[in-house]
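A.B. asks: Take this structure first; my questions come after.
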Amino acid sequence: RLPENALTPAWGQEVTLKMQGVLEDRTVVEKDCKLVFVIGEGDVNQALEECTISMKQGEIALLLADSQYTYGHLGREPDIPAWAPLLYQLELLDFREKLEPLSLPIPDRIRIGNQKRERGNFYFQREEYGMAAQAYCMALDMLTTHTNDSQRCASEEEDEEVNDYRVKCLNNLAAAQLKLGQVDEALHTSRDVLFLDPQNVKALFRKGKLLSDKGEYEEAMETLKKALKLEPSTKVRGPIMKYSFSTIISLSVYISSKY
């Protein structure tokens, strides 16, 4: 029996939950003996967040979650069908104030930052672009090598790894912003990518196209020329772009006609 004055977690706190979720046929589709997430940051589905915030430490609860609060009309491949309700057994193990990113060791920042980036990718694939953008922004807050006094605290290898993940995250954020119609924000984010990686072809092409759409043809042309020069060698390293060589040429020719 839990004490009457036992506390419940608050919005923005970090909780640790023992969790198991099953379908109607009792197939286990989710299980974690130590699931850690921050309430309100979209790390888990809405059903888990809203149930957890009402639980007391040590409490065990059964939650029958309607699909609209879990995985909805898309389900979750390969194991959760569309519109499937889930039955959860939950135990709130612990909760505490969320730790500030600058207080964490660099490896923990990278791990948590990547979890949030991958959560953003999950939302993006489901066309939940607002949630995706939020997850990418939280990942970027975590992916830093600075301390409270603005000094760097990482080794050269860690610094390079953090920057690589920031570039991925920023490119993904720019894509989400475009889906949301946030054109100026996407342009700003693309410039942030190029500050970290001046030869990032994806960001160069996106920046060039956005500048062209805004009528800033001179800068757009210079940006696309750089992308055009880099793009063939980029494809040798791997298919990281959805934009083809011919697409960049076509857009460059179009801009040339505007002079």
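Quick note on naming: the chains in the structure tokens go A, B, ... in the order shown, residues restart at 1 in each chain, and ligands are numbered from 1 in order of appearance.
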So which residues touch range 106-114 of chain A within 6 Å, counting only C-alpha atoms, skipping near sequence neighbours fewer than 6 positions away, as a PyMOL selection string?

C.D. replies: chain A and resi 139+142-143

A.B. asks: Using DSSP on the backbone, list every residue of range 76-238 of chain A that comes out as strand (DSSP E or B), and give them as a list in words.

C.D. replies: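 After running DSSP on the backbone, range 76-238 of chain A has strand (DSSP E or B) at Arg76, Ile80, Leu86, Leu87, Tyr88, Gln89, Leu90, Glu91, Leu92, Leu93, Asp94, Phe95, Arg96, His146 and Arg152 of chain A.
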
A.B. asks: Which distance in Å separates CA of Glu231 in chain A and CA of Val201 in chain A, to one decimal?

C.D. replies: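 A separation of 6.3 Å between them.
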
A.B. asks: As an NGL selection string, please: every residue in range 124-234 of chain A that DSSP puts in alpha helix (DSSP H).

C.D. replies: :A and (124-125 or 129-142 or 156-179 or 183-196 or 201-213 or 217-234)

A.B. asks: Which residues of range 111-142 of chain A come within 12 Å of range 73-80 of chain A, and what is each one's closest atom pair and distance in Å (one decimal), counting only C-alpha atoms, sorted by chain and residue number, as JSON lines?

C.D. replies:
{"residue": "A:Phe122", "atom": "CA", "partner": "A:Arg76", "partner_atom": "CA", "distance": 9.8}
{"residue": "A:Tyr123", "atom": "CA", "partner": "A:Leu74", "partner_atom": "CA", "distance": 11.3}
{"residue": "A:Gln125", "atom": "CA", "partner": "A:Leu74", "partner_atom": "CA", "distance": 10.3}
{"residue": "A:Arg126", "atom": "CA", "partner": "A:Leu74", "partner_atom": "CA", "distance": 7.4}
{"residue": "A:Glu127", "atom": "CA", "partner": "A:Leu74", "partner_atom": "CA", "distance": 10.3}
{"residue": "A:Glu128", "atom": "CA", "partner": "A:Leu74", "partner_atom": "CA", "distance": 11.3}

A.B. asks: Would you mind exporting all heavy atoms of the selected residues as a short mmCIF file (atom, residue, chain, number, x, y, z; two decimals), in the first residue's frame?

C.D. replies:
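Full text of selection_15.cif as output:
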data_model
loop_
_atom_site.label_atom_id
_atom_site.label_comp_id
_atom_site.auth_asym_id
_atom_site.auth_seq_id
_atom_site.Cartn_x
_atom_site.Cartn_y
_atom_site.Cartn_z
N PHE A 122 11.31 9.05 -36.47
CA PHE A 122 10.08 8.27 -36.33
C PHE A 122 8.86 9.15 -36.64
O PHE A 122 7.97 8.77 -37.41
CB PHE A 122 10.00 7.69 -34.92
CG PHE A 122 8.69 7.05 -34.56
CD1 PHE A 122 8.38 5.77 -35.00
CD2 PHE A 122 7.76 7.73 -33.78
CE1 PHE A 122 7.16 5.18 -34.67
CE2 PHE A 122 6.55 7.13 -33.43
CZ PHE A 122 6.25 5.86 -33.89
N TYR A 123 8.82 10.33 -36.03
CA TYR A 123 7.69 11.23 -36.28
C TYR A 123 7.67 11.71 -37.73
O TYR A 123 6.61 11.84 -38.34
CB TYR A 123 7.77 12.43 -35.34
CG TYR A 123 7.37 12.13 -33.91
CD1 TYR A 123 8.23 12.42 -32.86
CD2 TYR A 123 6.13 11.58 -33.61
CE1 TYR A 123 7.87 12.16 -31.54
CE2 TYR A 123 5.76 11.31 -32.30
CZ TYR A 123 6.64 11.60 -31.28
OH TYR A 123 6.27 11.33 -29.98
N GLN A 125 8.72 10.18 -40.44
CA GLN A 125 8.22 9.11 -41.30
C GLN A 125 6.70 8.97 -41.20
O GLN A 125 6.05 8.53 -42.15
CB GLN A 125 8.90 7.80 -40.95
CG GLN A 125 10.38 7.76 -41.32
CD GLN A 125 11.13 6.62 -40.66
OE1 GLN A 125 10.57 5.82 -39.92
NE2 GLN A 125 12.44 6.56 -40.91
N ARG A 126 6.15 9.36 -40.05
CA ARG A 126 4.70 9.29 -39.86
C ARG A 126 4.01 10.60 -40.30
O ARG A 126 2.82 10.78 -40.09
CB ARG A 126 4.39 9.02 -38.39
CG ARG A 126 4.92 7.68 -37.92
CD ARG A 126 4.76 7.51 -36.41
NE ARG A 126 3.38 7.47 -36.00
CZ ARG A 126 2.63 6.36 -36.00
NH1 ARG A 126 3.16 5.21 -36.35
NH2 ARG A 126 1.37 6.39 -35.61
N GLU A 127 4.80 11.51 -40.86
CA GLU A 127 4.31 12.81 -41.34
C GLU A 127 3.78 13.68 -40.20
O GLU A 127 2.94 14.55 -40.41
CB GLU A 127 3.24 12.63 -42.43
CG GLU A 127 3.78 11.89 -43.65
CD GLU A 127 2.77 11.77 -44.78
OE1 GLU A 127 1.64 12.30 -44.63
OE2 GLU A 127 3.09 11.16 -45.81
N GLU A 128 4.29 13.44 -39.00
CA GLU A 128 3.98 14.29 -37.85
C GLU A 128 5.13 15.30 -37.71
O GLU A 128 5.98 15.20 -36.84
CB GLU A 128 3.82 13.43 -36.60
CG GLU A 128 2.67 12.44 -36.70
CD GLU A 128 2.53 11.55 -35.47
OE1 GLU A 128 2.69 12.06 -34.35
OE2 GLU A 128 2.28 10.34 -35.63
#

A.B. asks: Determine, counting only C-alpha atoms, which protein, DNA and RNA residues have an atom within 12 Å of an atom of range 161-166 of chain A; residues of the same chain fewer than 5 positions away are not included. Present the result as a PyMOL selection string.

C.D. replies: chain A and resi 106-118+136-146+152-156+171-173+189-190+192-197+200

A.B. asks: Applying 12 Å and only C-alpha atoms, which residues near Pro81 in chain A remain after dropping the ones on its own chain fewer than 6 positions away? List them as a list in words.

C.D. replies: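 After dropping sequence-adjacent residues, the list is Val22, Leu23, Glu24, Asp25, Thr27, Val29, Ser67, Thr70, Tyr71, Gly72, His73, Leu74 and Gly75 of chain A.
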
A.B. asks: So how many Å separate CA of Gln177 in chain A and CA of Ala133 in chain A, to one decimal?

C.D. replies: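 Between CA of Gln177 in chain A and CA of Ala133 in chain A the gap is 6.9 Å.
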
A.B. asks: Have a look at CA of Met131 in chain A and CA of Lys207 in chain A and let me know their distance in Å, one decimal.

C.D. replies: 23.2 Å

A.B. asks: Please identify all polymer residues within 8 Å of range 53-63 of chain A, counting only C-alpha atoms, omitting same-chain residues fewer than 6 positions from it, and present them as a tab-separated table (two decimals) with all heavy atoms, in the first residue's frame.

C.D. replies:
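Writing done, so here's result15.tsv:
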chain	number	residue	atom	x	y	z
A	2	LEU	N	0.56	2.18	-0.91
A	2	LEU	CA	1.34	3.41	-1.02
A	2	LEU	C	0.87	4.44	0.00
A	2	LEU	O	-0.32	4.53	0.31
A	2	LEU	CB	1.20	4.00	-2.43
A	2	LEU	CG	1.72	3.11	-3.58
A	2	LEU	CD1	1.37	3.73	-4.92
A	2	LEU	CD2	3.22	2.93	-3.47
A	6	ALA	N	2.26	10.23	-0.99
A	6	ALA	CA	3.26	9.92	-2.01
A	6	ALA	C	3.12	10.90	-3.17
A	6	ALA	O	2.02	11.27	-3.58
A	6	ALA	CB	3.09	8.49	-2.50
A	7	LEU	N	4.25	11.32	-3.72
A	7	LEU	CA	4.26	12.33	-4.78
A	7	LEU	C	4.10	11.71	-6.15
A	7	LEU	O	4.39	10.53	-6.37
A	7	LEU	CB	5.57	13.12	-4.72
A	7	LEU	CG	5.85	13.89	-3.43
A	7	LEU	CD1	7.22	14.55	-3.49
A	7	LEU	CD2	4.76	14.94	-3.19
A	8	THR	N	3.61	12.50	-7.07
A	8	THR	CA	3.53	12.10	-8.47
A	8	THR	C	4.48	12.98	-9.28
A	8	THR	O	4.78	14.12	-8.89
A	8	THR	CB	2.10	12.27	-9.02
A	8	THR	OG1	1.72	13.65	-8.87
A	8	THR	CG2	1.13	11.39	-8.26
A	9	PRO	N	4.97	12.48	-10.40
A	9	PRO	CA	5.90	13.28	-11.21
A	9	PRO	C	5.19	14.47	-11.85
A	9	PRO	O	3.96	14.48	-12.01
A	9	PRO	CB	6.39	12.30	-12.27
A	9	PRO	CG	5.35	11.24	-12.33
A	9	PRO	CD	4.76	11.14	-10.97
A	10	ALA	N	5.98	15.47	-12.22
A	10	ALA	CA	5.45	16.67	-12.84
A	10	ALA	C	5.92	16.76	-14.29
A	10	ALA	O	6.87	16.11	-14.70
A	10	ALA	CB	5.91	17.91	-12.07
A	11	TRP	N	5.21	17.58	-15.04
A	11	TRP	CA	5.57	17.84	-16.43
A	11	TRP	C	7.03	18.32	-16.50
A	11	TRP	O	7.45	19.18	-15.75
A	11	TRP	CB	4.66	18.92	-16.99
A	11	TRP	CG	4.60	18.97	-18.49
A	11	TRP	CD1	5.25	19.83	-19.30
A	11	TRP	CD2	3.81	18.14	-19.33
A	11	TRP	NE1	4.94	19.59	-20.61
A	11	TRP	CE2	4.05	18.55	-20.66
A	11	TRP	CE3	2.94	17.08	-19.09
A	11	TRP	CZ2	3.44	17.95	-21.76
A	11	TRP	CZ3	2.33	16.47	-20.18
A	11	TRP	CH2	2.58	16.90	-21.49
A	39	ILE	N	8.75	13.56	-19.28
A	39	ILE	CA	7.33	13.80	-19.56
A	39	ILE	C	7.18	15.12	-20.32
A	39	ILE	O	7.68	16.16	-19.90
A	39	ILE	CB	6.52	13.85	-18.26
A	39	ILE	CG1	6.59	12.50	-17.53
A	39	ILE	CG2	5.07	14.21	-18.55
A	39	ILE	CD1	5.91	12.49	-16.18
A	87	LEU	N	-2.69	-2.86	-24.24
A	87	LEU	CA	-2.82	-3.00	-22.80
A	87	LEU	C	-1.44	-2.95	-22.18
A	87	LEU	O	-0.58	-3.78	-22.49
A	87	LEU	CB	-3.50	-4.32	-22.44
A	87	LEU	CG	-3.65	-4.60	-20.94
A	87	LEU	CD1	-4.54	-3.55	-20.26
A	87	LEU	CD2	-4.19	-6.00	-20.70
A	88	TYR	N	-1.21	-1.93	-21.34
A	88	TYR	CA	0.09	-1.75	-20.69
A	88	TYR	C	0.02	-2.14	-19.23
A	88	TYR	O	-0.98	-1.85	-18.54
A	88	TYR	CB	0.52	-0.28	-20.76
A	88	TYR	CG	1.00	0.19	-22.10
A	88	TYR	CD1	0.20	1.02	-22.89
A	88	TYR	CD2	2.26	-0.17	-22.58
A	88	TYR	CE1	0.64	1.48	-24.12
A	88	TYR	CE2	2.71	0.29	-23.81
A	88	TYR	CZ	1.89	1.11	-24.58
A	88	TYR	OH	2.33	1.57	-25.79
A	89	GLN	N	1.08	-2.78	-18.75
A	89	GLN	CA	1.31	-2.90	-17.31
A	89	GLN	C	2.51	-2.02	-16.99
A	89	GLN	O	3.59	-2.18	-17.56
A	89	GLN	CB	1.61	-4.35	-16.91
A	89	GLN	CG	1.86	-4.50	-15.41
A	89	GLN	CD	1.99	-5.94	-14.98
A	89	GLN	OE1	1.13	-6.76	-15.27
A	89	GLN	NE2	3.07	-6.26	-14.28
A	90	LEU	N	2.31	-1.09	-16.07
A	90	LEU	CA	3.32	-0.08	-15.77
A	90	LEU	C	3.65	-0.08	-14.29
A	90	LEU	O	2.78	-0.28	-13.44
A	90	LEU	CB	2.80	1.31	-16.16
A	90	LEU	CG	2.24	1.49	-17.58
A	90	LEU	CD1	1.65	2.87	-17.74
A	90	LEU	CD2	3.31	1.22	-18.62
A	91	GLU	N	4.90	0.19	-14.00
A	91	GLU	CA	5.33	0.42	-12.62
A	91	GLU	C	6.26	1.63	-12.62
A	91	GLU	O	7.28	1.62	-13.32
A	91	GLU	CB	6.06	-0.80	-12.05
A	91	GLU	CG	6.50	-0.59	-10.60
A	91	GLU	CD	7.23	-1.79	-10.01
A	91	GLU	OE1	7.37	-2.82	-10.70
A	91	GLU	OE2	7.68	-1.68	-8.84
A	92	LEU	N	5.89	2.64	-11.85
A	92	LEU	CA	6.72	3.84	-11.75
A	92	LEU	C	7.84	3.58	-10.74
A	92	LEU	O	7.61	3.52	-9.53
A	92	LEU	CB	5.89	5.05	-11.33
A	92	LEU	CG	6.64	6.37	-11.21
A	92	LEU	CD1	7.34	6.74	-12.53
A	92	LEU	CD2	5.70	7.49	-10.78
A	93	LEU	N	9.05	3.43	-11.26
A	93	LEU	CA	10.19	3.10	-10.40
A	93	LEU	C	10.78	4.32	-9.72
A	93	LEU	O	11.16	4.27	-8.55
A	93	LEU	CB	11.27	2.39	-11.22
A	93	LEU	CG	10.85	1.10	-11.93
A	93	LEU	CD1	12.00	0.57	-12.78
A	93	LEU	CD2	10.41	0.05	-10.91
A	94	ASP	N	10.84	5.43	-10.45
A	94	ASP	CA	11.53	6.61	-9.90
A	94	ASP	C	11.18	7.81	-10.76
A	94	ASP	O	10.78	7.68	-11.92
A	94	ASP	CB	13.04	6.36	-9.89
A	94	ASP	CG	13.79	7.40	-9.05
A	94	ASP	OD1	13.14	8.09	-8.24
A	94	ASP	OD2	15.01	7.53	-9.21
A	95	PHE	N	11.37	9.01	-10.20
A	95	PHE	CA	11.32	10.23	-11.00
A	95	PHE	C	12.18	11.29	-10.33
A	95	PHE	O	12.43	11.25	-9.12
A	95	PHE	CB	9.88	10.72	-11.20
A	95	PHE	CG	9.15	11.10	-9.95
A	95	PHE	CD1	9.17	12.40	-9.46
A	95	PHE	CD2	8.40	10.15	-9.26
A	95	PHE	CE1	8.49	12.74	-8.31
A	95	PHE	CE2	7.69	10.50	-8.12
A	95	PHE	CZ	7.74	11.79	-7.63
